[in-house]
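**Q** To be precise about what I am sending: the file is called structure-v1.txt and holds compact mmCIF, C-alpha atoms (C1' of nucleotides).
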# COMPACT_ATOMS: atom_id res chain seq x y z
CA MET A 1 0.00 0.00 0.00
CA PRO A 2 1.40 3.34 -1.05
CA TYR A 3 1.40 6.48 1.04
CA SER A 4 1.04 6.34 4.76
CA SER A 5 -2.33 5.11 5.84
CA GLU A 6 -3.42 8.47 7.20
CA HIS A 7 -2.34 10.36 4.12
CA LYS A 8 -5.63 10.30 2.28
CA GLN A 9 -7.55 11.07 5.42
CA LYS A 10 -5.37 14.11 5.98
CA SER A 11 -5.86 15.27 2.41
CA ARG A 12 -9.57 14.86 2.84
CA GLU A 13 -9.55 17.06 5.89
CA ARG A 14 -7.49 19.68 4.16
CA ILE A 15 -9.98 19.74 1.32
CA LEU A 16 -12.90 20.05 3.72
CA GLN A 17 -11.19 22.82 5.61
CA SER A 18 -10.53 24.81 2.47
CA ALA A 19 -13.95 24.09 1.10
CA TYR A 20 -15.71 25.32 4.16
CA ARG A 21 -13.67 28.45 4.41
CA LEU A 22 -14.35 29.29 0.80
CA PHE A 23 -17.99 28.26 0.73
CA SER A 24 -18.78 30.26 3.82
CA THR A 25 -17.10 33.30 2.38
CA LYS A 26 -18.28 33.17 -1.18
CA GLY A 27 -21.18 30.75 -1.40
CA PHE A 28 -21.58 27.60 -3.40
CA ASP A 29 -21.35 28.73 -6.98
CA ALA A 30 -18.65 31.32 -6.59
CA VAL A 31 -16.30 28.59 -5.42
CA THR A 32 -14.88 26.27 -8.05
CA VAL A 33 -13.52 22.81 -7.43
CA ASP A 34 -10.23 24.09 -8.77
CA ALA A 35 -10.19 26.92 -6.26
CA VAL A 36 -10.77 24.58 -3.35
CA MET A 37 -8.04 22.22 -4.45
CA GLN A 38 -5.57 25.00 -5.10
CA ASP A 39 -6.38 26.43 -1.72
CA CYS A 40 -5.13 23.27 -0.09
CA SER A 41 -2.32 22.77 -2.59
CA LEU A 42 -3.81 19.89 -4.53
CA THR A 43 -5.23 19.70 -8.01
CA ARG A 44 -8.68 19.03 -9.34
CA GLY A 45 -7.86 15.51 -10.45
CA ALA A 46 -7.29 14.39 -6.91
CA PHE A 47 -10.63 15.79 -5.89
CA TYR A 48 -12.66 12.96 -7.36
CA GLY A 49 -10.69 10.45 -5.37
CA HIS A 50 -12.22 11.99 -2.29
CA PHE A 51 -15.67 13.14 -3.28
CA THR A 52 -18.01 12.16 -6.07
CA SER A 53 -19.16 15.69 -6.81
CA LYS A 54 -19.04 19.29 -5.75
CA SER A 55 -22.47 18.91 -4.19
CA GLU A 56 -21.27 16.11 -2.02
CA LEU A 57 -18.34 18.23 -0.96
CA TYR A 58 -20.72 20.95 0.09
CA LYS A 59 -22.70 18.62 2.30
CA GLU A 60 -19.59 17.16 3.83
CA ALA A 61 -18.13 20.59 4.42
CA LEU A 62 -21.28 21.64 6.20
CA THR A 63 -21.18 18.64 8.49
CA PHE A 64 -17.48 19.06 9.01
CA ALA A 65 -17.89 22.71 9.93
CA ALA A 66 -20.61 21.87 12.39
CA SER A 67 -18.49 19.39 14.27
CA ASN A 68 -15.42 21.59 14.19
CA SER A 69 -17.09 24.88 15.00
CA LYS A 70 -16.03 27.06 17.86
CA LEU A 71 -19.30 26.27 19.51
CA ALA A 72 -18.58 22.57 19.58
CA GLU A 73 -14.87 22.81 20.12
CA ILE A 74 -14.28 24.74 23.31
CA LYS A 75 -14.99 22.81 26.46
CA PRO A 76 -16.00 24.11 29.86
CA GLU A 77 -13.26 24.12 32.49
CA GLY A 78 -14.19 24.84 36.02
CA LEU A 79 -17.23 26.75 34.88
CA SER A 80 -20.84 26.07 35.62
CA PRO A 81 -22.97 25.29 32.57
CA ARG A 82 -24.55 28.71 32.85
CA GLU A 83 -21.22 30.48 32.99
CA TRP A 84 -20.07 28.38 30.15
CA LEU A 85 -23.08 29.32 28.09
CA SER A 86 -22.19 32.91 28.73
CA VAL A 87 -18.70 32.43 27.37
CA LEU A 88 -20.10 30.58 24.43
CA LEU A 89 -22.58 33.27 23.48
CA ASP A 90 -20.01 36.00 23.81
CA GLY A 91 -17.72 34.03 21.57
CA TYR A 92 -20.44 33.52 19.05
CA LEU A 93 -21.35 37.19 19.17
CA SER A 94 -17.81 38.40 18.68
CA VAL A 95 -16.12 40.26 15.87
CA GLU A 96 -13.60 37.47 15.66
CA HIS A 97 -16.29 34.98 14.94
CA VAL A 98 -18.06 37.17 12.43
CA SER A 99 -15.00 38.07 10.45
CA GLY A 100 -13.10 34.89 11.09
CA GLU A 101 -12.41 32.09 8.70
CA ARG A 102 -14.52 29.43 10.33
CA PRO A 103 -17.86 31.03 11.03
CA CYS A 104 -20.97 29.19 12.07
CA PRO A 105 -22.43 27.42 9.05
CA LEU A 106 -25.95 28.16 10.18
CA ALA A 107 -25.42 31.85 9.71
CA PHE A 108 -23.36 31.73 6.60
CA LEU A 109 -25.06 29.23 4.43
CA ALA A 110 -28.69 29.93 5.19
CA THR A 111 -29.61 31.40 1.84
CA ASP A 112 -27.49 28.99 -0.07
CA VAL A 113 -28.96 25.98 1.59
CA VAL A 114 -32.52 26.63 0.54
CA SER A 115 -31.87 25.94 -3.09
CA ARG A 116 -29.75 22.88 -2.66
CA ASP A 117 -30.75 19.23 -2.47
CA LYS A 118 -32.75 17.54 0.24
CA GLU A 119 -29.70 15.97 1.80
CA THR A 120 -28.03 19.32 2.32
CA ASN A 121 -31.22 20.65 3.75
CA LYS A 122 -31.45 17.82 6.21
CA THR A 123 -27.87 18.34 7.22
CA TYR A 124 -28.52 21.98 7.87
CA ALA A 125 -31.62 21.17 9.91
CA ARG A 126 -29.68 18.64 11.93
CA VAL A 127 -26.99 21.17 12.72
CA TYR A 128 -29.61 23.70 13.67
CA ARG A 129 -31.37 21.35 16.04
CA ARG A 130 -28.12 20.35 17.61
CA MET A 131 -27.27 23.96 18.30
CA ASN A 132 -30.58 24.57 20.02
CA GLN A 133 -30.25 21.43 22.07
CA LEU A 134 -26.73 22.32 23.10
CA ILE A 135 -27.76 25.73 24.35
CA LEU A 136 -30.77 24.30 26.08
CA ASP A 137 -28.55 21.81 27.86
CA TYR A 138 -26.18 24.47 29.03
CA ALA A 139 -29.06 26.63 30.15
CA GLY A 140 -30.04 23.68 32.29
CA ARG A 141 -33.69 23.59 31.40
CA ASP A 142 -35.78 21.43 29.19
CA SER A 143 -39.40 22.35 29.63
CA VAL A 144 -41.28 22.93 26.41
CA ARG A 145 -41.53 26.54 27.43
CA ASP A 146 -37.79 27.00 27.68
CA GLU A 147 -37.24 25.07 24.53
CA GLN A 148 -39.42 27.58 22.77
CA ALA A 149 -37.59 30.52 24.27
CA ILE A 150 -34.28 29.19 23.04
CA LEU A 151 -35.56 29.31 19.50
CA SER A 152 -35.73 33.07 19.59
CA LEU A 153 -32.31 33.22 21.13
CA THR A 154 -30.74 31.22 18.33
CA SER A 155 -32.67 33.20 15.75
CA MET A 156 -31.15 36.31 17.18
CA ILE A 157 -27.57 35.19 17.27
CA ILE A 158 -27.71 33.52 13.88
CA GLY A 159 -29.36 36.58 12.40
CA ALA A 160 -26.84 38.87 14.02
CA VAL A 161 -23.89 36.97 12.62
CA ALA A 162 -25.43 36.61 9.18
CA VAL A 163 -26.24 40.28 8.88
CA SER A 164 -22.98 41.42 10.42
CA ARG A 165 -21.11 39.44 7.88
CA THR A 166 -22.58 41.53 5.10
CA LEU A 167 -21.93 44.91 6.67
CA GLU A 168 -18.81 46.93 6.02
CA ASP A 169 -19.42 49.38 8.83
CA LYS A 170 -17.40 47.89 11.67
CA GLN A 171 -18.90 50.19 14.24
CA LEU A 172 -22.39 49.12 13.32
CA VAL A 173 -21.33 45.49 13.58
CA GLN A 174 -19.97 46.17 17.04
CA GLN A 175 -23.27 47.68 18.04
CA ILE A 176 -25.29 44.78 16.69
CA LEU A 177 -23.16 42.23 18.48
CA SER A 178 -23.11 44.19 21.69
CA SER A 179 -26.87 44.66 21.60
CA CYS A 180 -27.37 40.95 21.11
CA ARG A 181 -24.98 40.04 23.89
CA GLN A 182 -27.07 42.13 26.25
CA GLN A 183 -30.31 40.72 24.97
CA THR A 184 -29.22 37.13 25.33
CA ARG A 185 -28.61 37.81 29.02
CA LEU A 186 -32.04 39.26 29.50
CA LEU A 187 -33.55 36.38 27.63
CA LEU A 188 -31.70 33.77 29.61
CA GLY A 189 -32.65 35.56 32.77
CA GLY A 190 -36.22 34.61 32.05
CA ILE A 191 -35.41 30.96 31.71
CA MET B 1 -42.41 56.37 -30.96
CA PRO B 2 -43.45 52.77 -30.86
CA TYR B 3 -45.21 51.10 -27.97
CA SER B 4 -47.08 53.07 -25.40
CA SER B 5 -44.84 55.25 -23.34
CA GLU B 6 -45.30 53.16 -20.22
CA HIS B 7 -44.66 49.87 -21.96
CA LYS B 8 -40.97 49.56 -21.27
CA GLN B 9 -41.41 50.71 -17.72
CA LYS B 10 -43.99 48.01 -17.19
CA SER B 11 -41.74 45.38 -18.69
CA ARG B 12 -38.97 46.52 -16.44
CA GLU B 13 -41.14 46.09 -13.41
CA ARG B 14 -42.22 42.66 -14.52
CA ILE B 15 -38.60 41.66 -14.90
CA LEU B 16 -37.75 42.99 -11.46
CA GLN B 17 -40.68 41.22 -9.92
CA SER B 18 -39.73 37.90 -11.45
CA ALA B 19 -36.09 38.44 -10.68
CA TYR B 20 -36.68 39.10 -7.04
CA ARG B 21 -38.98 36.19 -6.63
CA LEU B 22 -36.49 33.85 -8.23
CA PHE B 23 -33.38 35.29 -6.61
CA SER B 24 -34.89 35.15 -3.16
CA THR B 25 -35.93 31.56 -3.69
CA LYS B 26 -32.89 30.18 -5.42
CA GLY B 27 -30.05 32.63 -4.96
CA PHE B 28 -28.01 34.48 -7.53
CA ASP B 29 -26.30 31.76 -9.48
CA ALA B 30 -29.12 29.28 -9.62
CA VAL B 31 -31.19 31.82 -11.50
CA THR B 32 -30.39 32.35 -15.16
CA VAL B 33 -31.23 35.42 -17.16
CA ASP B 34 -33.26 33.14 -19.38
CA ALA B 35 -35.27 31.89 -16.43
CA VAL B 36 -36.08 35.38 -15.26
CA MET B 37 -37.21 36.46 -18.70
CA GLN B 38 -39.26 33.35 -19.26
CA ASP B 39 -40.86 33.85 -15.90
CA CYS B 40 -42.25 37.15 -17.04
CA SER B 41 -42.93 35.95 -20.56
CA LEU B 42 -40.14 37.74 -22.31
CA THR B 43 -36.93 36.49 -23.88
CA ARG B 44 -33.31 36.98 -23.05
CA GLY B 45 -32.71 39.37 -25.92
CA ALA B 46 -35.03 41.93 -24.43
CA PHE B 47 -33.20 41.75 -21.15
CA TYR B 48 -30.25 43.80 -22.25
CA GLY B 49 -32.53 46.62 -23.29
CA HIS B 50 -33.38 46.99 -19.63
CA PHE B 51 -30.26 46.09 -17.72
CA THR B 52 -26.62 45.98 -18.65
CA SER B 53 -25.90 42.77 -16.81
CA LYS B 54 -27.22 40.13 -14.48
CA SER B 55 -25.34 41.75 -11.61
CA GLU B 56 -27.08 45.03 -12.21
CA LEU B 57 -30.40 43.22 -12.23
CA TYR B 58 -29.58 41.76 -8.85
CA LYS B 59 -28.92 45.14 -7.32
CA GLU B 60 -32.03 46.63 -8.83
CA ALA B 61 -34.12 43.70 -7.67
CA LEU B 62 -32.84 44.15 -4.16
CA THR B 63 -33.76 47.82 -4.12
CA PHE B 64 -37.06 47.08 -5.75
CA ALA B 65 -37.90 44.43 -3.18
CA ALA B 66 -37.03 46.75 -0.35
CA SER B 67 -39.40 49.45 -1.50
CA ASN B 68 -42.16 46.99 -2.32
CA SER B 69 -41.86 44.83 0.75
CA LYS B 70 -44.75 44.08 3.05
CA LEU B 71 -42.99 46.05 5.70
CA ALA B 72 -42.97 49.19 3.61
CA GLU B 73 -46.27 48.64 1.92
CA ILE B 74 -48.94 48.41 4.58
CA LYS B 75 -49.87 51.67 6.25
CA PRO B 76 -51.31 52.23 9.70
CA GLU B 77 -55.01 52.99 9.81
CA GLY B 78 -56.50 54.11 13.03
CA LEU B 79 -53.72 52.42 14.93
CA SER B 80 -51.16 53.95 17.22
CA PRO B 81 -47.57 53.56 16.08
CA ARG B 82 -47.04 50.98 18.78
CA GLU B 83 -50.05 48.94 17.74
CA TRP B 84 -48.95 49.26 14.22
CA LEU B 85 -45.51 48.00 15.04
CA SER B 86 -47.18 45.01 16.62
CA VAL B 87 -49.07 44.22 13.44
CA LEU B 88 -45.93 44.70 11.45
CA LEU B 89 -43.85 42.33 13.51
CA ASP B 90 -46.52 39.67 13.51
CA GLY B 91 -46.73 39.96 9.76
CA TYR B 92 -43.01 39.68 9.44
CA LEU B 93 -42.95 36.71 11.76
CA SER B 94 -45.69 34.85 9.93
CA VAL B 95 -45.69 31.65 7.93
CA GLU B 96 -47.13 33.57 5.01
CA HIS B 97 -44.13 35.85 4.95
CA VAL B 98 -41.63 33.05 5.34
CA SER B 99 -43.05 30.84 2.66
CA GLY B 100 -44.42 33.60 0.47
CA GLU B 101 -43.08 34.82 -2.82
CA ARG B 102 -41.95 38.23 -1.73
CA PRO B 103 -39.95 37.70 1.43
CA CYS B 104 -37.79 40.29 3.09
CA PRO B 105 -34.58 40.67 1.12
CA LEU B 106 -32.57 41.13 4.27
CA ALA B 107 -33.32 37.62 5.36
CA PHE B 108 -33.13 35.94 2.03
CA LEU B 109 -30.10 37.37 0.42
CA ALA B 110 -27.80 37.72 3.38
CA THR B 111 -25.38 35.00 2.43
CA ASP B 112 -25.54 35.82 -1.21
CA VAL B 113 -24.83 39.47 -0.70
CA VAL B 114 -21.49 38.99 0.98
CA SER B 115 -19.77 37.80 -2.12
CA ARG B 116 -21.20 40.30 -4.52
CA ASP B 117 -19.91 43.72 -5.49
CA LYS B 118 -19.62 46.80 -3.32
CA GLU B 119 -22.69 48.39 -4.79
CA THR B 120 -24.87 45.46 -3.86
CA ASN B 121 -23.39 45.50 -0.43
CA LYS B 122 -24.18 49.15 0.02
CA THR B 123 -27.72 48.60 -1.16
CA TYR B 124 -28.16 45.84 1.36
CA ALA B 125 -26.76 48.00 4.14
CA ARG B 126 -29.08 50.84 3.18
CA VAL B 127 -32.09 48.56 3.31
CA TYR B 128 -30.97 47.23 6.65
CA ARG B 129 -30.57 50.66 8.16
CA ARG B 130 -33.91 51.74 6.83
CA MET B 131 -35.57 48.78 8.48
CA ASN B 132 -34.05 49.59 11.83
CA GLN B 133 -35.00 53.21 11.54
CA LEU B 134 -38.55 52.33 10.59
CA ILE B 135 -39.02 50.13 13.61
CA LEU B 136 -37.40 52.66 15.86
CA ASP B 137 -39.81 55.30 14.58
CA TYR B 138 -42.81 53.13 15.20
CA ALA B 139 -41.52 52.25 18.64
CA GLY B 140 -41.52 55.95 19.28
CA ARG B 141 -38.09 56.23 20.77
CA ASP B 142 -34.77 57.41 19.53
CA SER B 143 -32.33 57.41 22.35
CA VAL B 144 -29.04 55.71 21.56
CA ARG B 145 -30.00 53.08 24.08
CA ASP B 146 -33.20 52.19 22.28
CA GLU B 147 -31.47 52.33 18.96
CA GLN B 148 -29.12 49.67 20.23
CA ALA B 149 -31.92 47.52 21.52
CA ILE B 150 -33.63 47.57 18.16
CA LEU B 151 -30.54 46.03 16.60
CA SER B 152 -31.08 42.82 18.51
CA LEU B 153 -34.73 42.85 17.61
CA THR B 154 -34.01 43.04 13.91
CA SER B 155 -31.29 40.43 14.22
CA MET B 156 -33.85 38.14 15.74
CA ILE B 157 -36.56 38.57 13.18
CA ILE B 158 -34.20 38.48 10.23
CA GLY B 159 -32.52 35.39 11.63
CA ALA B 160 -35.84 33.73 12.29
CA VAL B 161 -37.07 34.25 8.76
CA ALA B 162 -33.77 33.23 7.19
CA VAL B 163 -33.55 30.02 9.17
CA SER B 164 -37.23 29.21 8.83
CA ARG B 165 -36.90 29.46 5.13
CA THR B 166 -34.46 26.59 5.12
CA LEU B 167 -36.45 24.27 7.35
CA GLU B 168 -38.87 21.70 6.03
CA ASP B 169 -40.43 20.97 9.39
CA LYS B 170 -43.46 23.25 9.41
CA GLN B 171 -44.14 22.69 13.05
CA LEU B 172 -40.66 23.77 14.00
CA VAL B 173 -41.05 26.86 11.87
CA GLN B 174 -44.27 27.68 13.68
CA GLN B 175 -42.47 27.35 16.98
CA ILE B 176 -39.61 29.57 15.92
CA LEU B 177 -41.92 32.28 14.68
CA SER B 178 -44.14 32.07 17.69
CA SER B 179 -41.20 32.22 20.05
CA CYS B 180 -39.90 35.30 18.30
CA ARG B 181 -43.28 37.00 18.34
CA GLN B 182 -43.34 36.61 22.09
CA GLN B 183 -39.78 37.78 22.49
CA THR B 184 -40.28 40.90 20.42
CA ARG B 185 -43.03 41.90 22.83
CA LEU B 186 -40.81 41.43 25.83
CA LEU B 187 -38.06 43.31 24.14
CA LEU B 188 -40.26 46.21 23.16
CA GLY B 189 -41.66 46.26 26.66
CA GLY B 190 -38.25 47.32 27.84
CA ILE B 191 -38.10 50.22 25.44
C1' DA C 1 -51.57 53.33 -44.95
C1' DT C 2 -46.60 54.29 -44.15
C1' DT C 3 -42.93 55.28 -41.67
C1' DT C 4 -39.86 54.57 -37.94
C1' DA C 5 -37.63 54.36 -33.63
C1' DA C 6 -38.20 51.62 -29.72
C1' DA C 7 -38.97 47.04 -27.83
C1' DT C 8 -38.51 42.39 -28.17
C1' DA C 9 -36.95 37.90 -30.20
C1' DT C 10 -33.63 34.58 -32.29
C1' DG C 11 -29.48 32.57 -33.25
C1' DA C 12 -24.62 32.70 -32.49
C1' DT C 13 -20.27 33.14 -29.66
C1' DC C 14 -17.22 32.58 -26.02
C1' DT C 15 -16.03 31.69 -21.38
C1' DT C 16 -16.31 29.20 -17.39
C1' DT C 17 -16.25 25.00 -14.97
C1' DA C 18 -17.66 20.32 -13.52
C1' DT C 19 -16.34 15.96 -14.60
C1' DC C 20 -13.83 12.28 -16.95
C1' DA C 21 -9.78 9.58 -19.01
C1' DT C 22 -5.37 8.99 -18.71
C1' DA C 23 -0.70 9.54 -16.98
C1' DT C 24 2.54 9.99 -13.24
C1' DA C 25 4.29 9.93 -8.61
C1' DT C 26 4.34 7.87 -3.97
C1' DA C 27 5.93 4.63 -0.46
C1' DG C 28 4.69 0.15 1.78
C1' DA C 29 5.48 -4.85 0.90
C1' DT C 30 8.16 -8.18 -1.10
C1' DA D 1 15.78 -2.76 -5.78
C1' DT D 2 11.38 -3.83 -7.62
C1' DC D 3 6.65 -4.21 -7.67
C1' DT D 4 2.08 -2.42 -7.09
C1' DA D 5 -2.02 -0.43 -5.30
C1' DT D 6 -3.17 4.07 -4.03
C1' DA D 7 -2.99 9.01 -4.37
C1' DT D 8 -2.39 12.81 -7.12
C1' DA D 9 -1.76 15.47 -11.53
C1' DT D 10 -2.63 16.78 -16.38
C1' DG D 11 -5.09 17.32 -20.41
C1' DA D 12 -9.65 16.61 -22.73
C1' DT D 13 -14.64 16.87 -23.06
C1' DA D 14 -18.83 18.78 -22.81
C1' DA D 15 -22.55 21.41 -21.05
C1' DA D 16 -24.38 25.67 -19.23
C1' DG D 17 -25.17 30.16 -19.50
C1' DA D 18 -23.97 35.30 -20.01
C1' DT D 19 -23.60 38.38 -23.49
C1' DC D 20 -23.66 40.04 -28.27
C1' DA D 21 -25.20 40.74 -33.33
C1' DT D 22 -28.82 40.66 -35.96
C1' DA D 23 -33.62 40.21 -37.22
C1' DT D 24 -38.37 41.04 -36.30
C1' DT D 25 -42.29 43.05 -34.27
C1' DT D 26 -44.85 46.85 -32.27
C1' DA D 27 -47.82 51.06 -32.34
C1' DA D 28 -47.37 56.17 -32.15
C1' DA D 29 -46.84 59.96 -35.50
C1' DT D 30 -47.35 61.51 -39.90
Let me see the structure of the file written as structure tokens.
**A**
Amino acid sequence: MPYSSEHKQKSRERILQSAYRLFSTKGFDAVTVDAVMQDCSLTRGAFYGHFTSKSELYKEALTFAASNSKLAEIKPEGLSPREWLSVLLDGYLSVEHVSGERPCPLAFLATDVVSRDKETNKTYARVYRRMNQLILDYAGRDSVRDEQAILSLTSMIIGAVAVSRTLEDKQLVQQILSSCRQQTRLLLGGI
Amino acid sequence: MPYSSEHKQKSRERILQSAYRLFSTKGFDAVTVDAVMQDCSLTRGAFYGHFTSKSELYKEALTFAASNSKLAEIKPEGLSPREWLSVLLDGYLSVEHVSGERPCPLAFLATDVVSRDKETNKTYARVYRRMNQLILDYAGRDSVRDEQAILSLTSMIIGAVAVSRTLEDKQLVQQILSSCRQQTRLLLGGI
DNA sequence: ATTTAAATATGATCTTTATCATATATAGAT
DNA sequence: ATCTATATATGATAAAGATCATATTTAAAT
């Protein structure tokens, strides 16, 4: 067997990483297979050894991003779930997140996802539900009532990030994020 | 002069109408010039008599949608600004809006807009600011504090509509919208 | 009725890009 | 060292779609 056994796996991850970064910045169509492969220093030929099509790549990149997002990555350390949730929300509602290279896929692919295939849609929905569940868990409640309240919270933070991403005015972005940080506290206070 | 004087103007509006409907449903790239023209029973040749390019069409459609949106269209009648705002928000956060053919461009083009040209970006930002201002006016306040609070409100409703659009699960969509309707009330209560 | 400029339609062209077919490089196993 | 399956690269194909060049239709003005 040629190449070390992890080689292909590593390539695959590099492709996914590049793909997500590019997709989330430019959207599906504006990103070519060539561009993705060049971004991770491979060539288009190799691509089809990893994925059967660009569409499949998109789905995989979405899933990949979800499991490697900031939200999923950082782990609580000596913090109560509530405190941890606080940290999490502030991170989500930060300039770094908004203008970073690995933004939340929920915020960045929303429009794009509508038009794509059922599979992609389902993936998106799965990621969305997971996010709500995660926050609900941290908030430490699970009544139907609280579950409902969380939905408006996630709408807010996803909306904030999505809109902020489009705006050039950095000051305005700061204001949006700051406003949402405050609001999330008020909202969680009622839960 | 051939054709009635309003003819071209009417064609132009038909094109914009079709364009917006299609763009907001499928995104920029998934919509071809041909498709837009067929949608309004014209042919691609005629297109370039109205717009210089597909990109220009996109910008114009965005502006067009903003000035013809539900939000801008309906006028208060015997209602106080506050009551009116209530009606407005409920309309925005309704299934009809989410699954309708003329959804808010802020929610539906967010991802798409990032990658497009500066002009489009500016148009989007203008529409966004106008929306915030409008709500602030109806809310009847204009302190910096309130202005900030509104930003989280609009984030929430835009996010809710954008996400809802992607979800197949109608019940979940209902819950999201309902949750946000409640939250907007709480939020406005504090203003 | 004719004329005519504006509006629309039709048939290329030309570029972009996904995907495929084929060739080459890689490094474990012998 | 050589062999070989796997991974990657290169060049080709083909389809889609934006834009253009040219033809045709329209209805106001004479």
**Q** Set out as CSV a contact list for chain D and chain B with a cut-off of 8 Å, giving each residue of chain D that qualifies its closest atom pair and distance in Å to one decimal, counting all atoms listed in the file, ordered by chain and rising residue number.
**A**
residue,atom,partner,partner_atom,distance
D:DG17,C1',B:Thr32,CA,7.1
D:DA18,C1',B:Val33,CA,7.8
D:DT26,C1',B:Tyr3,CA,6.1
D:DA27,C1',B:Pro2,CA,4.9
D:DA28,C1',B:Met1,CA,5.1
D:DA29,C1',B:Met1,CA,7.3
**Q** How many Å separate CA of Leu22 in chain A from CA of Arg102 in chain A?
**A** 9.5 Å
**Q** Can you tell me which residues surround range 16-21 of chain A at a distance of at most 8 Å, considering only C-alpha atoms (C1' of nucleotides), apart from same-chain residues fewer than 4 positions away, and format the answer as a list in words?
**A**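 Contacts, with the query itself left out: Arg12, Thr25, Val36, Met37, Asp39, Cys40, Leu57, Tyr58, Glu60, Ala61, Leu62, Phe64, Ala65, Glu101 and Arg102 of chain A.
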**Q** Please produce a file of the residues just selected, as a PDB file, keeping the file's coordinate frame, where the atoms kept are C-alpha atoms.
**A**
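Result file part.pdb:
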ATOM      1  CA  ARG A  12      -9.570  14.860   2.840  1.00  0.00           C
ATOM      2  CA  THR A  25     -17.100  33.300   2.380  1.00  0.00           C
ATOM      3  CA  VAL A  36     -10.770  24.580  -3.350  1.00  0.00           C
ATOM      4  CA  MET A  37      -8.040  22.220  -4.450  1.00  0.00           C
ATOM      5  CA  ASP A  39      -6.380  26.430  -1.720  1.00  0.00           C
ATOM      6  CA  CYS A  40      -5.130  23.270  -0.090  1.00  0.00           C
ATOM      7  CA  LEU A  57     -18.340  18.230  -0.960  1.00  0.00           C
ATOM      8  CA  TYR A  58     -20.720  20.950   0.090  1.00  0.00           C
ATOM      9  CA  GLU A  60     -19.590  17.160   3.830  1.00  0.00           C
ATOM     10  CA  ALA A  61     -18.130  20.590   4.420  1.00  0.00           C
ATOM     11  CA  LEU A  62     -21.280  21.640   6.200  1.00  0.00           C
ATOM     12  CA  PHE A  64     -17.480  19.060   9.010  1.00  0.00           C
ATOM     13  CA  ALA A  65     -17.890  22.710   9.930  1.00  0.00           C
ATOM     14  CA  GLU A 101     -12.410  32.090   8.700  1.00  0.00           C
ATOM     15  CA  ARG A 102     -14.520  29.430  10.330  1.00  0.00           C
TER      16      ARG A 102
END
**Q** Please measure the separation of CA of Ala30 in chain A and CA of Thr166 in chain A, giving the value in Å to one decimal.
**A**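 One can read the CA of Ala30 in chain A to CA of Thr166 in chain A distance as 16.0 Å.
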**Q** Taking all atoms listed in the file into account and nothing else, which residues of chain C lie no more than 7 Å away from chain A? Please answer as a ChimeraX atom specification.
**A** /C:26-28
**Q** With all atoms listed in the file as the counted atoms, please give the residues lying no more than 12 Å from DA12 in chain C, apart from itself and same-chain residues fewer than 2 positions off, as a list in words.
**A**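 Contacts, in chain order: DT10 and DC14 of chain C; DT19, DC20, DA21 and DT22 of chain D.
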**Q** What does the structure give for the distance between C1' of DT4 in chain C and C1' of DT30 in chain D, in Å to one decimal?
**A**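 Separating C1' of DT4 in chain C from C1' of DT30 in chain D is a distance of 10.4 Å.
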**Q** Counting all atoms listed in the file, note down every residue that has an atom within 7 Å of the point (-0.7, 15.4, -10.8) (file coordinates), as JSON, numbers by chain.
**A** {"A": [43], "C": [24], "D": [8, 9, 10]}
**Q** In terms of the shortest atom-to-atom distance over only C-alpha atoms (C1' of nucleotides), which of A:Lys59, A:Val31, A:Gly49, A:Arg141 is closest to DT6 in chain D?
**A**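 Closest to DT6 in chain D, using only C-alpha atoms (C1' of nucleotides): A:Gly49.
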